[in-house]
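Undergrad: For reference, the file target06.pdb (PDB, C-alpha atoms) is included below:
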```pdb
ATOM      1  CA  MET M   1     -42.257 171.411 121.631
ATOM      2  CA  PRO M   2     -39.523 170.738 124.175
ATOM      3  CA  GLU M   3     -40.745 169.279 127.451
ATOM      4  CA  ALA M   4     -39.391 172.189 129.551
ATOM      5  CA  PHE M   5     -41.225 174.702 127.379
ATOM      6  CA  LEU M   6     -44.446 172.699 127.670
ATOM      7  CA  GLY M   7     -44.081 172.754 131.424
ATOM      8  CA  CYS M   8     -43.814 176.565 131.404
ATOM      9  CA  TRP M   9     -46.673 176.896 128.927
ATOM     10  CA  GLU M  10     -48.871 174.821 131.211
ATOM     11  CA  CYS M  11     -47.845 176.987 134.179
ATOM     12  CA  LEU M  12     -48.985 180.072 132.268
ATOM     13  CA  GLN M  13     -52.372 178.490 131.716
ATOM     14  CA  ASN M  14     -52.893 178.317 135.493
ATOM     15  CA  LYS M  15     -53.031 174.526 135.649
ATOM     16  CA  SER M  16     -52.562 172.782 138.947
ATOM     17  CA  GLN M  17     -49.482 170.660 139.609
ATOM     18  CA  GLU M  18     -51.662 167.548 139.427
ATOM     19  CA  GLU M  19     -53.017 168.504 135.993
ATOM     20  CA  ILE M  20     -49.491 169.157 134.748
ATOM     21  CA  GLU M  21     -48.345 165.729 135.968
ATOM     22  CA  LEU M  22     -51.358 164.024 134.382
ATOM     23  CA  THR M  23     -50.644 165.757 131.062
ATOM     24  CA  ARG M  24     -46.988 164.711 131.217
ATOM     25  CA  ARG M  25     -47.985 161.080 131.927
ATOM     26  CA  SER M  26     -50.515 161.125 129.110
ATOM     27  CA  ARG M  27     -47.887 162.335 126.631
ATOM     28  CA  LYS M  28     -45.454 159.652 127.788
ATOM     29  CA  ILE M  29     -48.115 156.978 127.293
ATOM     30  CA  ASP M  30     -48.874 158.357 123.822
ATOM     31  CA  ARG M  31     -45.160 158.230 122.897
ATOM     32  CA  ASP M  32     -44.878 154.668 124.183
ATOM     33  CA  LEU M  33     -47.956 153.607 122.212
ATOM     34  CA  LYS M  34     -46.566 155.146 118.999
ATOM     35  CA  ARG M  35     -43.201 153.438 119.549
ATOM     36  CA  GLU M  36     -44.919 150.085 120.117
ATOM     37  CA  GLU M  37     -47.101 150.605 117.028
ATOM     38  CA  ARG M  38     -43.976 151.155 114.912
ATOM     39  CA  LEU M  39     -42.460 147.946 116.302
ATOM     40  CA  ILE M  40     -45.607 145.966 115.546
ATOM     41  CA  ARG M  41     -45.671 147.271 111.960
ATOM     42  CA  ARG M  42     -42.103 146.006 111.476
ATOM     43  CA  GLN M  43     -42.933 142.577 112.908
ATOM     44  CA  VAL M  44     -43.288 139.804 110.351
ATOM     45  CA  LYS M  45     -45.822 137.064 110.946
ATOM     46  CA  LEU M  46     -45.546 133.782 109.105
ATOM     47  CA  LEU M  47     -48.113 131.025 108.761
ATOM     48  CA  LEU M  48     -46.532 127.641 108.085
ATOM     49  CA  LEU M  49     -48.835 125.108 106.532
ATOM     50  CA  GLY M  50     -48.056 121.518 105.697
ATOM     51  CA  ALA M  51     -48.890 117.923 106.346
ATOM     52  CA  GLY M  52     -47.687 116.113 109.436
ATOM     53  CA  GLU M  53     -43.944 115.408 109.490
ATOM     54  CA  SER M  54     -43.301 117.948 106.715
ATOM     55  CA  GLY M  55     -40.802 119.989 108.774
ATOM     56  CA  LYS M  56     -42.777 122.994 110.060
ATOM     57  CA  SER M  57     -41.440 122.774 113.608
ATOM     58  CA  THR M  58     -37.967 121.913 112.380
ATOM     59  CA  PHE M  59     -37.971 125.077 110.262
ATOM     60  CA  LEU M  60     -38.830 127.213 113.292
ATOM     61  CA  LYS M  61     -36.204 125.501 115.438
ATOM     62  CA  GLN M  62     -33.576 126.062 112.741
ATOM     63  CA  MET M  63     -34.511 129.755 112.563
ATOM     64  CA  ARG M  64     -33.966 130.038 116.319
ATOM     65  CA  ILE M  65     -30.556 128.404 115.974
ATOM     66  CA  ILE M  66     -29.549 130.575 112.998
ATOM     67  CA  HIS M  67     -30.486 133.767 114.867
ATOM     68  CA  ASN M  68     -28.831 132.639 118.135
ATOM     69  CA  ILE M  69     -32.030 132.576 120.151
ATOM     70  CA  ASN M  70     -31.330 129.953 122.785
ATOM     71  CA  TYR M  71     -33.934 127.825 124.504
ATOM     72  CA  ASP M  72     -34.412 128.392 128.206
ATOM     73  CA  VAL M  73     -34.422 125.471 130.644
ATOM     74  CA  THR M  74     -38.230 125.339 130.733
ATOM     75  CA  SER M  75     -38.394 124.956 126.946
ATOM     76  CA  GLN M  76     -35.747 122.248 127.014
ATOM     77  CA  LEU M  77     -37.679 120.288 129.630
ATOM     78  CA  GLU M  78     -40.861 120.698 127.592
ATOM     79  CA  PHE M  79     -39.085 119.322 124.497
ATOM     80  CA  ARG M  80     -37.880 116.360 126.542
ATOM     81  CA  LYS M  81     -41.445 115.655 127.602
ATOM     82  CA  ILE M  82     -42.606 115.833 123.957
ATOM     83  CA  ILE M  83     -39.872 113.371 122.951
ATOM     84  CA  TYR M  84     -40.964 110.962 125.692
ATOM     85  CA  GLN M  85     -44.560 111.246 124.531
ATOM     86  CA  ASN M  86     -43.590 110.634 120.912
ATOM     87  CA  ILE M  87     -41.601 107.539 121.815
ATOM     88  CA  ILE M  88     -44.496 106.058 123.780
ATOM     89  CA  ARG M  89     -46.995 107.083 121.101
ATOM     90  CA  ASP M  90     -44.942 105.185 118.557
ATOM     91  CA  GLU M  91     -46.912 102.208 119.724
ATOM     92  CA  VAL M  92     -47.931 102.395 116.075
ATOM     93  CA  LEU M  93     -45.160  99.847 115.559
ATOM     94  CA  VAL M  94     -46.884  97.391 117.879
ATOM     95  CA  ASP M  95     -50.246  98.102 116.274
ATOM     96  CA  ALA M  96     -48.778  97.730 112.764
ATOM     97  CA  GLN M  97     -47.043  94.479 113.726
ATOM     98  CA  LYS M  98     -50.415  93.099 114.785
ATOM     99  CA  LYS M  99     -52.330  94.398 111.760
ATOM    100  CA  LEU M 100     -49.689  93.164 109.328
ATOM    101  CA  ASN M 101     -49.812  89.726 111.028
ATOM    102  CA  ILE M 102     -46.104  89.753 111.785
ATOM    103  CA  PRO M 103     -45.307  87.340 114.623
ATOM    104  CA  LEU M 104     -43.126  88.500 117.499
ATOM    105  CA  SER M 105     -39.906  86.518 117.981
ATOM    106  CA  ASN M 106     -40.271  86.667 121.769
ATOM    107  CA  PRO M 107     -43.754  85.643 123.020
ATOM    108  CA  GLU M 108     -43.232  87.684 126.235
ATOM    109  CA  ASN M 109     -43.194  90.841 124.120
ATOM    110  CA  LYS M 110     -46.881  90.321 123.282
ATOM    111  CA  LEU M 111     -47.781  91.298 126.850
ATOM    112  CA  LEU M 112     -45.403  94.292 126.716
ATOM    113  CA  GLY M 113     -46.950  95.411 123.428
ATOM    114  CA  ASP M 114     -50.436  95.155 124.904
ATOM    115  CA  GLN M 115     -49.336  97.257 127.888
ATOM    116  CA  ILE M 116     -47.920  99.952 125.598
ATOM    117  CA  LEU M 117     -51.140  99.994 123.567
ATOM    118  CA  LEU M 118     -53.209 100.391 126.735
ATOM    119  CA  PHE M 119     -51.088 103.248 128.121
ATOM    120  CA  ASP M 120     -52.881 106.559 127.596
ATOM    121  CA  ASN M 121     -51.422 108.983 130.152
ATOM    122  CA  THR M 122     -48.670 110.485 128.023
ATOM    123  CA  ALA M 123     -49.164 113.796 129.830
ATOM    124  CA  GLY M 124     -47.757 112.148 132.968
ATOM    125  CA  LEU M 125     -44.428 111.262 131.348
ATOM    126  CA  ASN M 126     -41.368 112.946 132.791
ATOM    127  CA  ASN M 127     -37.784 112.179 133.883
ATOM    128  CA  THR M 128     -38.948 109.919 136.687
ATOM    129  CA  THR M 129     -41.755 108.011 134.950
ATOM    130  CA  PHE M 130     -40.196 107.470 131.517
ATOM    131  CA  PRO M 131     -37.319 105.198 132.676
ATOM    132  CA  GLN M 132     -39.972 102.675 133.763
ATOM    133  CA  PHE M 133     -40.795 102.214 130.072
ATOM    134  CA  GLN M 134     -37.219 101.957 128.823
ATOM    135  CA  THR M 135     -36.754  98.235 129.419
ATOM    136  CA  MET M 136     -40.182  97.546 127.914
ATOM    137  CA  LEU M 137     -39.377  99.662 124.842
ATOM    138  CA  ASN M 138     -35.887  98.162 124.475
ATOM    139  CA  SER M 139     -37.300  94.653 124.597
ATOM    140  CA  LEU M 140     -39.954  95.467 121.988
ATOM    141  CA  TRP M 141     -37.540  97.339 119.727
ATOM    142  CA  SER M 142     -35.069  94.425 119.717
ATOM    143  CA  ASP M 143     -37.812  91.975 118.728
ATOM    144  CA  LYS M 144     -37.536  90.715 115.114
ATOM    145  CA  GLY M 145     -41.305  91.125 114.621
ATOM    146  CA  ILE M 146     -41.176  94.836 115.538
ATOM    147  CA  GLN M 147     -38.104  95.262 113.326
ATOM    148  CA  ASN M 148     -39.999  93.648 110.433
ATOM    149  CA  ALA M 149     -42.926  96.010 111.059
ATOM    150  CA  PHE M 150     -40.468  98.909 111.059
ATOM    151  CA  ASP M 151     -39.010  97.736 107.742
ATOM    152  CA  ARG M 152     -42.532  97.890 106.293
ATOM    153  CA  ARG M 153     -43.129 101.462 107.586
ATOM    154  CA  ASN M 154     -44.053 102.605 104.089
ATOM    155  CA  GLU M 155     -47.388 100.829 104.617
ATOM    156  CA  TYR M 156     -48.467 103.057 107.544
ATOM    157  CA  GLN M 157     -47.599 106.464 109.030
ATOM    158  CA  LEU M 158     -44.650 106.519 111.383
ATOM    159  CA  THR M 159     -42.617 109.487 112.594
ATOM    160  CA  ASP M 160     -39.167 109.810 111.044
ATOM    161  CA  SER M 161     -37.358 109.981 114.376
ATOM    162  CA  VAL M 162     -38.525 106.613 115.759
ATOM    163  CA  GLN M 163     -35.384 104.745 114.840
ATOM    164  CA  TYR M 164     -33.139 107.504 116.199
ATOM    165  CA  PHE M 165     -34.786 107.498 119.624
ATOM    166  CA  LEU M 166     -35.252 103.752 119.934
ATOM    167  CA  ASP M 167     -31.713 102.764 118.844
TER
END
```
Output the file's structure as structure tokens, nothing else.
TA:
Amino acid sequence: MPEAFLGCWECLQNKSQEEIELTRRSRKIDRDLKREERLIRRQVKLLLLGAGESGKSTFLKQMRIIHNINYDVTSQLEFRKIIYQNIIRDEVLVDAQKKLNIPLSNPENKLLGDQILLFDNTAGLNNTTFPQFQTMLNSLWSDKGIQNAFDRRNEYQLTDSVQYFLD
């Protein structure tokens, strides 16, 4: 029934103005709930399963790009933090170099490698703290021993993006 007619019908039933307003609000809430229910039914949910480094996150990021859903500044800063954490966590290279008994070309890098292995506060990495690690990481990455360990990456798990971020 049209809203105006309902208002008159309710007047004929001797309802107070407050009861009429409550009824109108209730109907609006019901309409909103039905509209939201229809939207939820149309929503597609997808569960992506796969081993580490199989491309689950990349798939979602590509879908955002394809559908022109841009990342806000907060998301971009969060991604930067994740990249910093991944670079520091790629201490796997230092660990692999040690386990594979590959000597470092620069003996000073042994101390730097030990410092990286001991670092455990990746949550504290940000734009101001990460640059403190850059010289340490650059020195380690340029070491022939670390490069040899990287060349043997098929013998242990290493993220695909290590070379990109360390070059």
Undergrad: M:Leu93, M:Gly113, M:Lys99, M:Asn106: which is nearest Arg153 (chain M), counting all atoms listed in the file?
TA: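 Smallest separation from Arg153 (chain M) among the options: M:Leu93.
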Undergrad: Running the PyMOL selection byres ((chain M and resi 132-144) around 10) on this model by hand, what would come out? Give it as a compact mmCIF listing (two decimals) with C-alpha atoms, in the coordinates of the input.
TA:
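As a result, expr-v2.txt now contains:
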```txt
# COMPACT_ATOMS: atom_id res chain seq x y z
CA TYR M 84 -40.96 110.96 125.69
CA ILE M 87 -41.60 107.54 121.82
CA ILE M 88 -44.50 106.06 123.78
CA GLU M 91 -46.91 102.21 119.72
CA LEU M 93 -45.16 99.85 115.56
CA VAL M 94 -46.88 97.39 117.88
CA ILE M 102 -46.10 89.75 111.78
CA PRO M 103 -45.31 87.34 114.62
CA LEU M 104 -43.13 88.50 117.50
CA SER M 105 -39.91 86.52 117.98
CA ASN M 106 -40.27 86.67 121.77
CA PRO M 107 -43.75 85.64 123.02
CA GLU M 108 -43.23 87.68 126.24
CA ASN M 109 -43.19 90.84 124.12
CA LYS M 110 -46.88 90.32 123.28
CA LEU M 111 -47.78 91.30 126.85
CA LEU M 112 -45.40 94.29 126.72
CA GLY M 113 -46.95 95.41 123.43
CA GLN M 115 -49.34 97.26 127.89
CA ILE M 116 -47.92 99.95 125.60
CA LEU M 125 -44.43 111.26 131.35
CA ASN M 127 -37.78 112.18 133.88
CA THR M 128 -38.95 109.92 136.69
CA THR M 129 -41.76 108.01 134.95
CA PHE M 130 -40.20 107.47 131.52
CA PRO M 131 -37.32 105.20 132.68
CA GLY M 145 -41.30 91.12 114.62
CA ILE M 146 -41.18 94.84 115.54
CA GLN M 147 -38.10 95.26 113.33
CA ASN M 148 -40.00 93.65 110.43
CA ALA M 149 -42.93 96.01 111.06
CA PHE M 150 -40.47 98.91 111.06
CA GLN M 163 -35.38 104.74 114.84
CA LEU M 166 -35.25 103.75 119.93
CA ASP M 167 -31.71 102.76 118.84
```
Undergrad: Can you tell me how far CA of Gly55 (chain M) sits from CA of Thr159 (chain M), in Å to one decimal?
TA: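 Value for the CA of Gly55 (chain M)-CA of Thr159 (chain M) distance: 11.3 Å.
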Undergrad: Report the distance between CA of Glu155 (chain M) and CA of Ala96 (chain M) in Å, rounded to one decimal place.
TA: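 Calculated distance between CA of Glu155 (chain M) and CA of Ala96 (chain M) is 8.8 Å.
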Undergrad: How many Å lie between CA of Asn86 (chain M) and CA of Asn126 (chain M), rounded to one decimal?
TA: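 Computing it gives 12.3 Å between the two atoms.
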Undergrad: Centre and edge lengths of an axis-aligned box around all listed atoms of region 43-49 of chain M, with 4 Å added on each side, are to be given in Å to one decimal, as lines of an AutoDock Vina configuration file.
TA:
```
center_x = -45.9
center_y = 133.8
center_z = 109.7
size_x = 13.9
size_y = 25.5
size_z = 14.4
```
